[in-house]
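> Input file: structure-v8.csv. Contents: CSV, C-alpha atoms.
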```
chain,number,residue,atom,x,y,z
A,243,MET,CA,118.2,128.5,46.5
A,244,GLY,CA,117.0,125.7,48.8
A,245,LEU,CA,118.1,124.6,52.3
A,246,ILE,CA,119.5,121.1,52.8
A,247,VAL,CA,120.4,119.6,56.2
A,248,GLN,CA,123.0,116.8,56.0
A,249,LYS,CA,123.9,114.5,58.8
A,250,PHE,CA,127.0,112.3,58.9
A,251,GLY,CA,127.5,109.6,61.5
A,252,GLY,CA,130.6,108.4,63.4
A,253,THR,CA,131.8,106.0,60.7
A,254,SER,CA,131.6,108.6,58.0
A,255,VAL,CA,133.9,111.0,60.0
A,256,GLY,CA,136.0,108.2,61.6
A,257,ASN,CA,139.4,109.7,60.6
A,258,ALA,CA,140.9,112.8,58.9
A,259,ASP,CA,140.6,111.3,55.3
A,260,ARG,CA,137.0,110.5,55.9
A,261,ILE,CA,136.3,114.0,57.2
A,262,LYS,CA,137.9,115.4,54.0
A,263,HIS,CA,135.6,113.1,52.0
A,264,VAL,CA,132.6,114.4,53.9
A,265,ALA,CA,133.7,118.0,53.2
A,266,GLU,CA,133.6,117.1,49.4
A,267,ARG,CA,130.0,115.8,49.8
A,268,VAL,CA,129.0,119.0,51.6
A,269,ILE,CA,130.7,121.1,48.9
A,270,GLU,CA,128.8,119.2,46.2
A,271,GLU,CA,125.5,120.2,47.8
A,272,LYS,CA,126.7,123.8,48.2
A,273,ASN,CA,127.7,124.0,44.6
A,274,ARG,CA,124.2,123.0,43.6
A,275,GLY,CA,123.2,126.4,44.9
A,276,ASN,CA,121.8,125.4,48.2
A,277,HIS,CA,122.3,126.7,51.7
A,278,VAL,CA,123.8,123.8,53.8
A,279,VAL,CA,123.6,122.9,57.4
A,280,VAL,CA,125.7,119.9,58.4
A,281,VAL,CA,125.2,117.8,61.6
A,282,VAL,CA,128.0,115.4,62.7
A,283,SER,CA,128.5,112.7,65.3
A,284,ALA,CA,131.7,112.0,67.2
A,285,MET,CA,134.5,110.4,65.2
A,286,GLY,CA,134.3,106.6,65.0
A,287,LYS,CA,134.2,104.9,68.4
A,288,THR,CA,135.0,108.1,70.3
A,289,THR,CA,131.7,108.0,72.4
A,290,ASP,CA,132.3,104.3,73.3
A,291,GLU,CA,135.8,105.1,74.3
A,292,LEU,CA,134.7,108.0,76.5
A,293,VAL,CA,132.1,105.8,78.2
A,294,LYS,CA,134.8,103.2,78.8
A,295,LEU,CA,137.1,105.8,80.3
A,296,ALA,CA,134.4,107.0,82.6
A,297,GLY,CA,133.8,103.5,83.7
A,298,GLU,CA,137.4,103.2,84.8
A,299,ILE,CA,136.8,106.2,87.1
A,300,SER,CA,133.4,105.2,88.5
A,301,SER,CA,130.9,102.3,88.3
A,302,ARG,CA,128.0,104.8,88.5
A,303,PRO,CA,129.4,108.1,87.1
A,304,SER,CA,127.4,111.3,87.5
A,305,LYS,CA,124.9,111.7,84.7
A,306,ARG,CA,125.6,115.4,84.5
A,307,GLU,CA,129.4,114.9,84.2
A,308,MET,CA,128.8,112.1,81.6
A,309,ASP,CA,127.0,114.7,79.5
A,310,MET,CA,129.9,117.1,80.0
A,311,LEU,CA,132.3,114.4,78.9
A,312,LEU,CA,130.4,112.9,75.9
A,313,THR,CA,129.7,116.2,74.2
A,314,THR,CA,133.4,116.8,73.7
A,315,GLY,CA,133.4,114.1,71.0
A,316,GLU,CA,131.2,116.0,68.6
A,317,GLN,CA,133.0,119.2,69.3
A,318,VAL,CA,136.2,117.7,67.9
A,319,THR,CA,134.4,116.7,64.7
A,320,ILE,CA,132.7,120.0,64.0
A,321,ALA,CA,136.0,121.9,64.3
A,322,LEU,CA,137.9,119.5,62.0
A,323,LEU,CA,135.1,119.5,59.4
A,324,SER,CA,134.9,123.3,59.4
A,325,MET,CA,138.7,123.4,59.0
A,326,ALA,CA,138.5,121.0,56.0
A,327,LEU,CA,135.8,123.1,54.3
A,328,ILE,CA,137.8,126.3,54.9
A,329,GLU,CA,140.9,124.6,53.5
A,330,LYS,CA,139.0,123.9,50.3
A,331,GLY,CA,138.0,127.6,50.0
A,332,PHE,CA,134.5,127.6,51.5
A,333,ASP,CA,133.3,129.7,54.4
A,334,ALA,CA,132.2,127.5,57.3
A,335,ILE,CA,131.5,128.0,60.9
A,336,SER,CA,131.0,125.4,63.7
A,337,PHE,CA,128.5,125.5,66.5
A,338,THR,CA,128.1,123.3,69.6
A,339,GLY,CA,124.5,122.3,70.4
A,340,TRP,CA,124.0,125.2,72.8
A,341,GLN,CA,125.6,127.7,70.4
A,342,ALA,CA,123.2,126.5,67.7
A,343,GLY,CA,120.3,127.3,70.0
A,344,ILE,CA,119.1,123.8,70.8
A,345,GLU,CA,117.3,123.9,74.1
A,346,THR,CA,116.3,120.7,76.0
A,347,GLU,CA,114.5,119.5,79.0
A,348,PRO,CA,116.6,119.3,82.2
A,349,VAL,CA,117.4,115.6,81.8
A,350,HIS,CA,120.9,114.1,81.5
A,351,GLY,CA,121.6,111.3,79.1
A,352,ASN,CA,118.4,111.2,77.2
A,353,ALA,CA,116.9,114.7,77.0
A,354,ARG,CA,114.2,115.8,74.6
A,355,ILE,CA,114.5,119.0,72.5
A,356,LEU,CA,112.0,121.7,73.6
A,357,HIS,CA,112.9,124.5,71.3
A,358,ILE,CA,115.5,125.6,68.8
A,359,ASN,CA,116.4,129.3,68.4
A,360,THR,CA,117.6,129.4,64.8
A,361,LYS,CA,118.6,133.1,64.7
A,362,LYS,CA,122.4,132.4,64.9
A,363,ILE,CA,122.3,129.7,62.2
A,364,GLN,CA,120.2,131.8,59.9
A,365,THR,CA,122.5,134.8,60.3
A,366,GLU,CA,125.5,132.7,59.2
A,367,LEU,CA,123.6,131.0,56.3
A,368,HIS,CA,122.6,134.5,55.0
A,369,LYS,CA,126.3,135.3,54.9
A,370,GLY,CA,126.8,132.4,52.6
A,371,LYS,CA,128.5,130.2,55.1
A,372,ILE,CA,128.2,126.4,55.6
A,373,VAL,CA,127.1,125.9,59.2
A,374,VAL,CA,128.4,122.8,61.0
A,375,VAL,CA,126.5,121.7,64.1
A,376,ALA,CA,127.4,119.2,66.8
A,377,GLY,CA,124.8,116.5,67.0
A,378,PHE,CA,123.5,114.7,70.1
A,379,GLN,CA,123.6,117.7,72.4
A,380,GLY,CA,122.0,120.9,73.6
A,381,ILE,CA,121.6,123.0,76.6
A,382,ALA,CA,119.0,122.4,79.3
A,383,ILE,CA,116.6,125.1,80.5
A,384,ASP,CA,118.6,125.1,83.7
A,385,GLY,CA,121.8,126.0,81.9
A,386,ALA,CA,123.4,122.6,82.0
A,387,VAL,CA,124.9,120.8,79.0
A,388,SER,CA,122.6,117.9,77.9
A,389,THR,CA,122.7,115.0,75.5
A,390,LEU,CA,119.9,113.4,73.5
A,391,GLY,CA,120.7,109.7,74.0
A,392,ARG,CA,122.7,107.4,71.7
A,393,GLY,CA,121.9,108.1,68.1
A,394,GLY,CA,120.8,111.6,69.0
A,395,SER,CA,122.6,113.2,66.1
A,396,ASP,CA,119.8,112.0,63.8
A,397,THR,CA,117.4,113.8,66.1
A,398,THR,CA,119.5,117.0,66.0
A,399,ALA,CA,119.5,116.9,62.2
A,400,VAL,CA,115.8,116.4,61.7
A,401,ALA,CA,114.8,118.9,64.4
A,402,LEU,CA,117.0,121.5,62.8
A,403,ALA,CA,115.5,120.7,59.4
A,404,ALA,CA,112.0,121.2,60.9
A,405,ALA,CA,113.0,124.4,62.7
A,406,LEU,CA,114.7,125.9,59.7
A,407,LYS,CA,111.9,124.7,57.3
A,408,ALA,CA,114.5,122.9,55.2
A,409,ASP,CA,113.6,121.4,51.9
A,410,LYS,CA,115.1,118.0,52.8
A,411,CYS,CA,117.2,116.2,55.4
A,412,ASP,CA,119.8,113.7,54.1
A,413,ILE,CA,121.0,111.1,56.7
A,414,TYR,CA,124.3,109.8,55.5
A,415,THR,CA,125.4,106.5,56.9
A,416,ASP,CA,127.6,103.4,56.2
A,417,VAL,CA,124.8,101.7,54.3
A,418,THR,CA,123.1,102.7,51.0
A,419,GLY,CA,119.6,103.0,52.5
A,420,VAL,CA,117.1,101.1,54.7
A,421,TYR,CA,117.0,97.4,54.1
A,422,THR,CA,114.4,94.7,54.7
A,423,THR,CA,116.6,93.7,57.6
A,424,ASP,CA,120.2,94.3,58.7
A,425,PRO,CA,122.4,93.3,55.6
A,426,ARG,CA,125.4,92.7,57.9
A,427,TYR,CA,123.6,89.6,59.3
A,428,VAL,CA,121.2,88.5,56.5
A,429,LYS,CA,123.0,88.4,53.2
A,430,HIS,CA,119.7,88.4,51.1
A,431,ALA,CA,118.5,91.7,52.7
A,432,ARG,CA,117.4,94.2,50.0
A,433,LYS,CA,117.3,97.9,50.0
A,434,LEU,CA,113.8,99.5,50.0
A,435,GLN,CA,113.2,102.5,47.7
A,436,SER,CA,110.8,104.2,50.2
A,437,LEU,CA,109.0,103.7,53.5
A,438,SER,CA,106.3,105.6,55.3
A,439,TYR,CA,107.1,107.5,58.5
A,440,ASP,CA,105.0,105.0,60.5
A,441,GLU,CA,106.9,102.0,59.1
A,442,MET,CA,110.3,103.6,59.7
A,443,LEU,CA,109.2,104.6,63.2
A,444,GLU,CA,108.3,101.0,64.1
A,445,LEU,CA,111.6,99.7,62.6
A,446,ALA,CA,113.6,102.3,64.4
A,447,ASN,CA,111.9,101.6,67.8
A,448,LEU,CA,112.3,97.8,67.3
A,449,GLY,CA,116.1,97.8,66.8
A,450,ALA,CA,116.8,98.9,63.3
A,451,GLY,CA,119.9,101.1,64.0
A,452,VAL,CA,119.8,103.1,60.7
A,453,LEU,CA,117.7,105.9,62.2
A,454,HIS,CA,117.0,107.2,65.7
A,455,PRO,CA,113.2,106.9,66.7
A,456,ARG,CA,113.0,110.5,67.8
A,457,ALA,CA,114.3,111.6,64.5
A,458,VAL,CA,111.5,109.8,62.7
A,459,GLU,CA,109.0,111.3,65.1
A,460,TYR,CA,110.2,114.8,64.3
A,461,ALA,CA,110.1,114.0,60.6
A,462,LYS,CA,106.6,112.7,60.8
A,463,ASN,CA,105.3,115.5,63.0
A,464,TYR,CA,106.8,118.3,60.8
A,465,ALA,CA,106.6,116.5,57.4
A,466,VAL,CA,110.3,116.7,56.8
A,467,PRO,CA,111.3,114.6,53.8
A,468,LEU,CA,114.2,112.2,54.8
A,469,GLU,CA,116.6,110.3,52.6
A,470,VAL,CA,118.8,107.7,54.1
A,471,ARG,CA,121.9,107.3,51.9
A,472,SER,CA,125.5,106.2,51.8
A,473,SER,CA,128.3,108.6,52.6
A,474,MET,CA,130.7,106.5,50.6
A,475,VAL,CA,128.7,105.5,47.5
A,476,ARG,CA,126.9,108.0,45.3
A,477,GLU,CA,123.5,106.4,44.7
A,478,THR,CA,119.9,107.0,45.6
A,479,GLY,CA,119.0,105.9,49.1
A,480,THR,CA,115.7,105.2,50.8
A,481,MET,CA,113.1,108.0,51.0
A,482,ILE,CA,111.1,108.3,54.2
A,483,GLU,CA,107.8,110.3,53.7
A,484,GLU,CA,104.1,110.3,54.5
A,485,GLU,CA,102.8,108.4,51.5
A,486,VAL,CA,104.6,105.7,49.5
A,487,SER,CA,103.4,103.6,46.6
A,488,MET,CA,103.6,100.2,48.2
A,489,GLU,CA,103.9,96.9,46.2
A,490,GLN,CA,100.6,95.3,46.9
A,491,SER,CA,102.0,91.8,47.6
A,492,LEU,CA,104.5,93.0,50.2
A,493,VAL,CA,102.5,92.8,53.4
A,494,VAL,CA,105.6,92.7,55.6
A,495,ARG,CA,108.2,95.3,54.7
A,496,GLY,CA,111.0,94.6,57.1
A,497,VAL,CA,112.3,92.4,60.0
A,498,ALA,CA,113.9,94.2,63.0
A,499,PHE,CA,115.7,92.7,65.9
A,500,GLU,CA,117.3,93.8,69.1
A,501,ASP,CA,119.5,91.7,71.5
A,502,GLU,CA,120.4,92.3,75.2
A,503,ILE,CA,116.8,92.2,76.4
A,504,THR,CA,115.8,91.2,79.9
A,505,ARG,CA,112.4,90.1,81.2
A,506,VAL,CA,111.7,91.4,84.7
A,507,SER,CA,108.9,89.7,86.7
A,508,VAL,CA,107.4,91.5,89.8
A,509,LEU,CA,105.6,88.8,91.8
A,510,GLY,CA,102.9,89.1,94.3
A,511,LEU,CA,101.7,92.6,93.6
A,512,PRO,CA,98.4,93.6,95.3
A,513,ASN,CA,95.6,93.1,92.9
A,514,GLY,CA,94.3,96.7,93.1
A,515,LEU,CA,93.4,99.3,90.6
A,516,THR,CA,96.5,101.4,91.2
A,517,SER,CA,99.2,98.7,91.4
A,518,LEU,CA,100.1,99.0,87.7
A,519,SER,CA,100.1,102.8,87.6
A,520,THR,CA,102.2,103.0,90.7
A,521,ILE,CA,105.0,100.6,89.5
A,522,PHE,CA,105.3,102.2,86.0
A,523,THR,CA,105.1,105.7,87.4
A,524,THR,CA,108.0,104.8,89.7
A,525,LEU,CA,110.1,103.5,86.8
A,526,ALA,CA,109.2,106.4,84.6
A,527,LYS,CA,110.3,109.0,87.2
A,528,ASN,CA,113.7,107.4,87.0
A,529,HIS,CA,113.7,107.6,83.2
A,530,LEU,CA,113.5,103.8,82.8
A,531,ASN,CA,111.7,102.7,79.7
A,532,VAL,CA,109.8,99.4,79.7
A,533,ASP,CA,108.6,97.7,76.6
A,534,ILE,CA,106.4,94.6,76.4
A,535,ILE,CA,104.1,94.2,79.4
A,536,ILE,CA,102.2,91.0,80.6
A,537,GLN,CA,100.0,90.8,83.6
A,538,SER,CA,98.7,87.5,85.1
A,539,MET,CA,96.4,87.2,88.1
A,540,THR,CA,97.5,84.5,90.6
A,541,ASN,CA,94.4,84.7,92.8
A,542,GLU,CA,91.8,87.2,93.9
A,543,SER,CA,94.3,89.3,95.9
A,544,THR,CA,97.6,89.2,94.0
A,545,THR,CA,98.9,89.5,90.5
A,546,ASN,CA,102.2,89.0,88.7
A,547,LEU,CA,103.6,91.5,86.3
A,548,SER,CA,106.3,91.0,83.7
A,549,PHE,CA,107.9,93.5,81.4
A,550,SER,CA,110.9,93.7,79.1
A,551,ILE,CA,113.7,96.3,79.4
A,552,LYS,CA,117.1,96.7,77.9
A,553,SER,CA,119.7,94.6,79.8
A,554,ALA,CA,121.8,97.7,80.4
A,555,ASP,CA,119.0,99.2,82.5
A,556,LEU,CA,118.5,96.1,84.7
A,557,THR,CA,120.8,97.1,87.6
A,558,GLU,CA,119.2,100.5,87.9
A,559,ALA,CA,115.6,99.1,87.5
A,560,MET,CA,116.2,96.5,90.2
A,561,ALA,CA,117.6,99.1,92.5
A,562,VAL,CA,114.6,101.4,92.0
A,563,LEU,CA,112.2,98.6,92.6
A,564,GLU,CA,114.0,97.5,95.7
A,565,GLU,CA,114.1,101.1,97.1
A,566,ASN,CA,110.3,101.3,96.6
A,567,LYS,CA,109.4,97.8,97.8
A,568,GLU,CA,107.4,99.1,100.7
A,569,ALA,CA,105.3,101.4,98.6
A,570,LEU,CA,104.8,98.9,95.8
A,571,LYS,CA,104.1,96.0,98.2
A,572,TYR,CA,105.3,93.2,95.9
A,573,GLU,CA,106.7,89.9,97.3
A,574,ALA,CA,109.7,89.2,95.0
A,575,ILE,CA,111.4,90.1,91.8
A,576,GLU,CA,112.9,87.7,89.2
A,577,ALA,CA,114.9,88.5,86.0
A,578,GLU,CA,115.5,86.5,82.9
A,579,ALA,CA,118.4,87.8,80.8
A,580,LYS,CA,119.9,86.8,77.4
A,581,LEU,CA,116.8,87.4,75.5
A,582,ALA,CA,116.1,89.2,72.2
A,583,LYS,CA,113.2,90.8,70.4
A,584,VAL,CA,112.3,89.9,66.8
A,585,SER,CA,109.7,92.0,65.0
A,586,ILE,CA,107.9,92.1,61.6
A,587,VAL,CA,106.7,95.5,60.3
A,588,GLY,CA,104.5,96.5,57.4
A,589,SER,CA,101.6,98.8,56.7
A,590,GLY,CA,100.0,96.0,54.6
A,591,MET,CA,99.4,94.1,57.8
A,592,VAL,CA,96.4,96.3,58.6
A,593,SER,CA,94.3,94.8,55.9
A,594,ASN,CA,95.8,91.3,55.9
A,595,PRO,CA,94.7,89.3,59.0
A,596,GLY,CA,96.6,86.2,59.9
A,597,VAL,CA,100.1,87.7,59.6
A,598,ALA,CA,100.8,87.1,63.3
A,599,ALA,CA,99.6,83.5,63.0
A,600,ASP,CA,102.0,83.1,60.1
A,601,MET,CA,104.9,84.5,62.2
A,602,PHE,CA,104.3,82.2,65.1
A,603,GLU,CA,104.0,79.2,62.8
A,604,VAL,CA,107.4,80.0,61.3
A,605,LEU,CA,109.0,80.4,64.8
A,606,ALA,CA,107.4,77.1,66.0
A,607,THR,CA,108.7,75.3,62.9
A,608,GLU,CA,112.2,76.5,63.8
A,609,GLY,CA,111.8,75.3,67.4
A,610,ILE,CA,111.9,78.8,68.7
A,611,GLN,CA,109.9,79.5,71.9
A,612,VAL,CA,108.0,82.8,72.2
A,613,LYS,CA,108.3,84.2,75.7
A,614,MET,CA,106.5,87.6,75.3
A,615,VAL,CA,104.4,89.1,72.5
A,616,SER,CA,103.5,92.7,71.5
A,617,THR,CA,101.4,93.9,68.6
A,618,SER,CA,100.2,97.0,66.9
A,619,GLU,CA,98.4,97.7,63.6
A,620,ILE,CA,101.6,97.4,61.6
A,621,LYS,CA,104.0,95.2,63.7
A,622,VAL,CA,104.2,92.0,65.7
A,623,SER,CA,107.1,91.6,68.1
A,624,ALA,CA,108.2,88.4,69.9
A,625,VAL,CA,110.7,88.0,72.7
A,626,VAL,CA,112.9,84.9,72.1
A,627,GLU,CA,116.1,83.4,73.4
A,628,GLU,CA,119.1,85.6,72.3
A,629,SER,CA,120.9,82.6,71.0
A,630,LYS,CA,118.1,81.9,68.5
A,631,MET,CA,117.6,85.5,67.4
A,632,LEU,CA,119.4,85.4,64.0
A,633,ARG,CA,117.8,82.1,63.1
A,634,ALA,CA,114.4,83.7,63.8
A,635,VAL,CA,115.3,86.7,61.7
A,636,GLU,CA,116.5,84.7,58.7
A,637,ALA,CA,113.4,82.4,58.8
A,638,LEU,CA,111.0,85.3,59.0
A,639,HIS,CA,112.8,87.2,56.2
A,640,ALA,CA,112.6,84.2,53.9
A,641,ALA,CA,109.0,83.3,54.9
A,642,PHE,CA,107.6,86.7,54.0
A,643,ASP,CA,109.5,86.8,50.7
A,644,LEU,CA,111.7,89.8,51.6
A,645,ALA,CA,114.7,88.3,49.9
A,646,GLU,CA,113.3,88.7,46.4
A,647,ALA,CA,115.3,90.9,44.2
A,648,SER,CA,112.1,92.7,43.1
A,649,VAL,CA,111.4,94.1,46.6
A,650,LYS,CA,110.6,97.8,46.3
A,651,ALA,CA,108.2,100.4,47.5
```
Show this structure as structure tokens.


Amino acid sequence: MGLIVQKFGGTSVGNADRIKHVAERVIEEKNRGNHVVVVVSAMGKTTDELVKLAGEISSRPSKREMDMLLTTGEQVTIALLSMALIEKGFDAISFTGWQAGIETEPVHGNARILHINTKKIQTELHKGKIVVVAGFQGIAIDGAVSTLGRGGSDTTAVALAAALKADKCDIYTDVTGVYTTDPRYVKHARKLQSLSYDEMLELANLGAGVLHPRAVEYAKNYAVPLEVRSSMVRETGTMIEEEVSMEQSLVVRGVAFEDEITRVSVLGLPNGLTSLSTIFTTLAKNHLNVDIIIQSMTNESTTNLSFSIKSADLTEAMAVLEENKEALKYEAIEAEAKLAKVSIVGSGMVSNPGVAADMFEVLATEGIQVKMVSTSEIKVSAVVEESKMLRAVEALHAAFDLAEASVKA
């Protein structure tokens, strides 16, 4: 008898009929003789609706109370799914994040899991029950309810799989696997049979919404085999694991993109050794994540610094920088919004120099200006105008032959 962790996203549990369908998928796994732990998200657009409701009360609602509010969404789903399983004659029990023993750091809105006490889950599994756990949430070490950030149900599922030493973690979603790019926007996108953890981690960090980056980190760190598959269609999905047999000609494996990016420029910073560390430490203390960073010296005494952030964080970032202007000693701040990030990813790039040059040539041919650049061994990212994002994605997808029907691992 094995142990399988299944995760179902908001679309998969969007209404009562879909919850009943999910119950059938869970029962299928149970009938194969496995112990089953199920992690679920809030139903449909519930989280978005709760965020909107909070916005009608306050323009800057308390982060603690937002966690208290948003965790109710998953609590509804776990109760309904457990009812559906019991109705079909199977023993099931639901747990919130804190009941499941998920302990996090004392951060609201984007907490990291510190430890999982699996005793309660294991006790119920040994009784033969199906355990249904609320994703996206836990309890902080100070006793407050916490959330793991948007997409955190993926993280819950993989973290539980690691803690329970599960044989596999299945991530059920509204697509049949991981594609060379988002098939909703590029009609020639193709499903990949497998990806390495590193490739999936880059794609997830760069905007591919099919998996949460922290979930991939957990999977890589604890060698948890992942399969991304459809909750609606019964077919093999995409395996995420350490080693994959890669088609030699496929240097680039996917194109990721993310809109609503803003470039923030801090002008006239003192040209000292501690200027950069001071400004990024200040942002980090306020849990503001920056991405691409560019520094340019203006003269011997001052330097300009630009970095990209998510547009949703701009107001808070500007407020933090303004509050610390005296300590940071900069002259002015500028922001350029309506930008997007387009990235190519592939392990084959390590041994194939010139891929970045090919990417920039494609963008230049399309008349797309590159405003910022970031690279690693297996990815190249470029910040471009948001209005030209999809044109860039389609051009790169075609240029690197990702639209071929033969694309596979």

> Can you work out which one of A:Thr480, A:Ser507, A:Asn528, A:Thr313 has the shortest atom-to-atom distance to Gly377 of chain A, counting all atoms listed in the file?

A:Thr313

> Would you mind listing, for every residue of segment 435-553 of chain A within 12 Å of segment 397-421 of chain A, the two atoms forming the shortest contact and the distance between them in Å to one decimal, using only C-alpha atoms, sorted by chain and ascending residue number, as CSV?


```
residue,atom,partner,partner_atom,distance
A:Gln435,CA,A:Gly419,CA,8.0
A:Ser436,CA,A:Val420,CA,8.3
A:Leu437,CA,A:Val420,CA,8.6
A:Ser438,CA,A:Val420,CA,11.7
A:Glu441,CA,A:Val420,CA,11.1
A:Met442,CA,A:Val420,CA,8.8
A:Leu445,CA,A:Val420,CA,9.7
A:Ala446,CA,A:Val420,CA,10.4
A:Ala450,CA,A:Val420,CA,8.9
A:Gly451,CA,A:Val420,CA,9.7
A:Val452,CA,A:Val420,CA,6.9
A:Leu453,CA,A:Ile413,CA,8.3
A:His454,CA,A:Thr397,CA,6.6
A:Pro455,CA,A:Thr397,CA,8.1
A:Arg456,CA,A:Thr397,CA,5.8
A:Ala457,CA,A:Thr397,CA,4.1
A:Val458,CA,A:Thr397,CA,7.9
A:Glu459,CA,A:Thr397,CA,8.8
A:Tyr460,CA,A:Ala401,CA,6.2
A:Ala461,CA,A:Val400,CA,6.3
A:Lys462,CA,A:Val400,CA,10.0
A:Asn463,CA,A:Ala404,CA,9.0
A:Tyr464,CA,A:Ala404,CA,6.0
A:Ala465,CA,A:Ala404,CA,8.0
A:Val466,CA,A:Ala404,CA,6.3
A:Pro467,CA,A:Lys410,CA,5.2
A:Leu468,CA,A:Cys411,CA,5.0
A:Glu469,CA,A:Asp412,CA,4.9
A:Val470,CA,A:Ile413,CA,4.8
A:Arg471,CA,A:Thr418,CA,4.8
A:Ser472,CA,A:Thr418,CA,4.3
A:Ser473,CA,A:Tyr414,CA,5.1
A:Met474,CA,A:Asp416,CA,7.1
A:Val475,CA,A:Thr418,CA,7.2
A:Arg476,CA,A:Thr418,CA,8.7
A:Glu477,CA,A:Thr418,CA,7.3
A:Thr478,CA,A:Thr418,CA,7.6
A:Gly479,CA,A:Gly419,CA,4.5
A:Thr480,CA,A:Gly419,CA,4.8
A:Met481,CA,A:Gly419,CA,8.3
A:Ile482,CA,A:Val420,CA,9.4
A:Glu483,CA,A:Lys410,CA,10.6
A:Arg495,CA,A:Tyr421,CA,9.1
A:Gly496,CA,A:Tyr421,CA,7.3
A:Val497,CA,A:Tyr421,CA,9.0
A:Ala498,CA,A:Tyr421,CA,10.0
```

> Could you pull the residues within 6 Å of Glu628 of chain A, counting only C-alpha atoms, minus those fewer than 4 positions along the same chain, as number ranges by chain?

A: 580-582

> Filtering to C-alpha atoms, could you give me those residues as a tab-separated table (two decimals), in the frame of the given file?


```tsv
chain	number	residue	atom	x	y	z
A	580	LYS	CA	119.90	86.80	77.40
A	581	LEU	CA	116.80	87.40	75.50
A	582	ALA	CA	116.10	89.20	72.20
```

> Name the closest residue to Asp424 of chain A among the candidates A:Val592, A:Ala645, A:Asp396, A:Arg302; distances are taken between atoms, counting only C-alpha atoms.

A:Ala645

> Rounded to one decimal, what separation in Å do you get between atom CA of Ser623 of chain A and atom CA of Val584 of chain A?

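Spanning atom CA of Ser623 of chain A to atom CA of Val584 of chain A is a straight-line distance of 5.6 Å.
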
> Using all atoms listed in the file and a cutoff of 9 Å, can you tell me which residues are near (112.8, 86.3, 62.4) in the file's coordinates, and write them out as a PyMOL selection string?

chain A and resi 497-499+584-586+601+604-605+631-641

> Save the residues we just selected, C-alpha atoms, as a CSV table (one decimal), keeping the file's coordinate frame?


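File out-v1.csv, as written:
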```csv
chain,number,residue,atom,x,y,z
A,497,VAL,CA,112.3,92.4,60.0
A,498,ALA,CA,113.9,94.2,63.0
A,499,PHE,CA,115.7,92.7,65.9
A,584,VAL,CA,112.3,89.9,66.8
A,585,SER,CA,109.7,92.0,65.0
A,586,ILE,CA,107.9,92.1,61.6
A,601,MET,CA,104.9,84.5,62.2
A,604,VAL,CA,107.4,80.0,61.3
A,605,LEU,CA,109.0,80.4,64.8
A,631,MET,CA,117.6,85.5,67.4
A,632,LEU,CA,119.4,85.4,64.0
A,633,ARG,CA,117.8,82.1,63.1
A,634,ALA,CA,114.4,83.7,63.8
A,635,VAL,CA,115.3,86.7,61.7
A,636,GLU,CA,116.5,84.7,58.7
A,637,ALA,CA,113.4,82.4,58.8
A,638,LEU,CA,111.0,85.3,59.0
A,639,HIS,CA,112.8,87.2,56.2
A,640,ALA,CA,112.6,84.2,53.9
A,641,ALA,CA,109.0,83.3,54.9
```
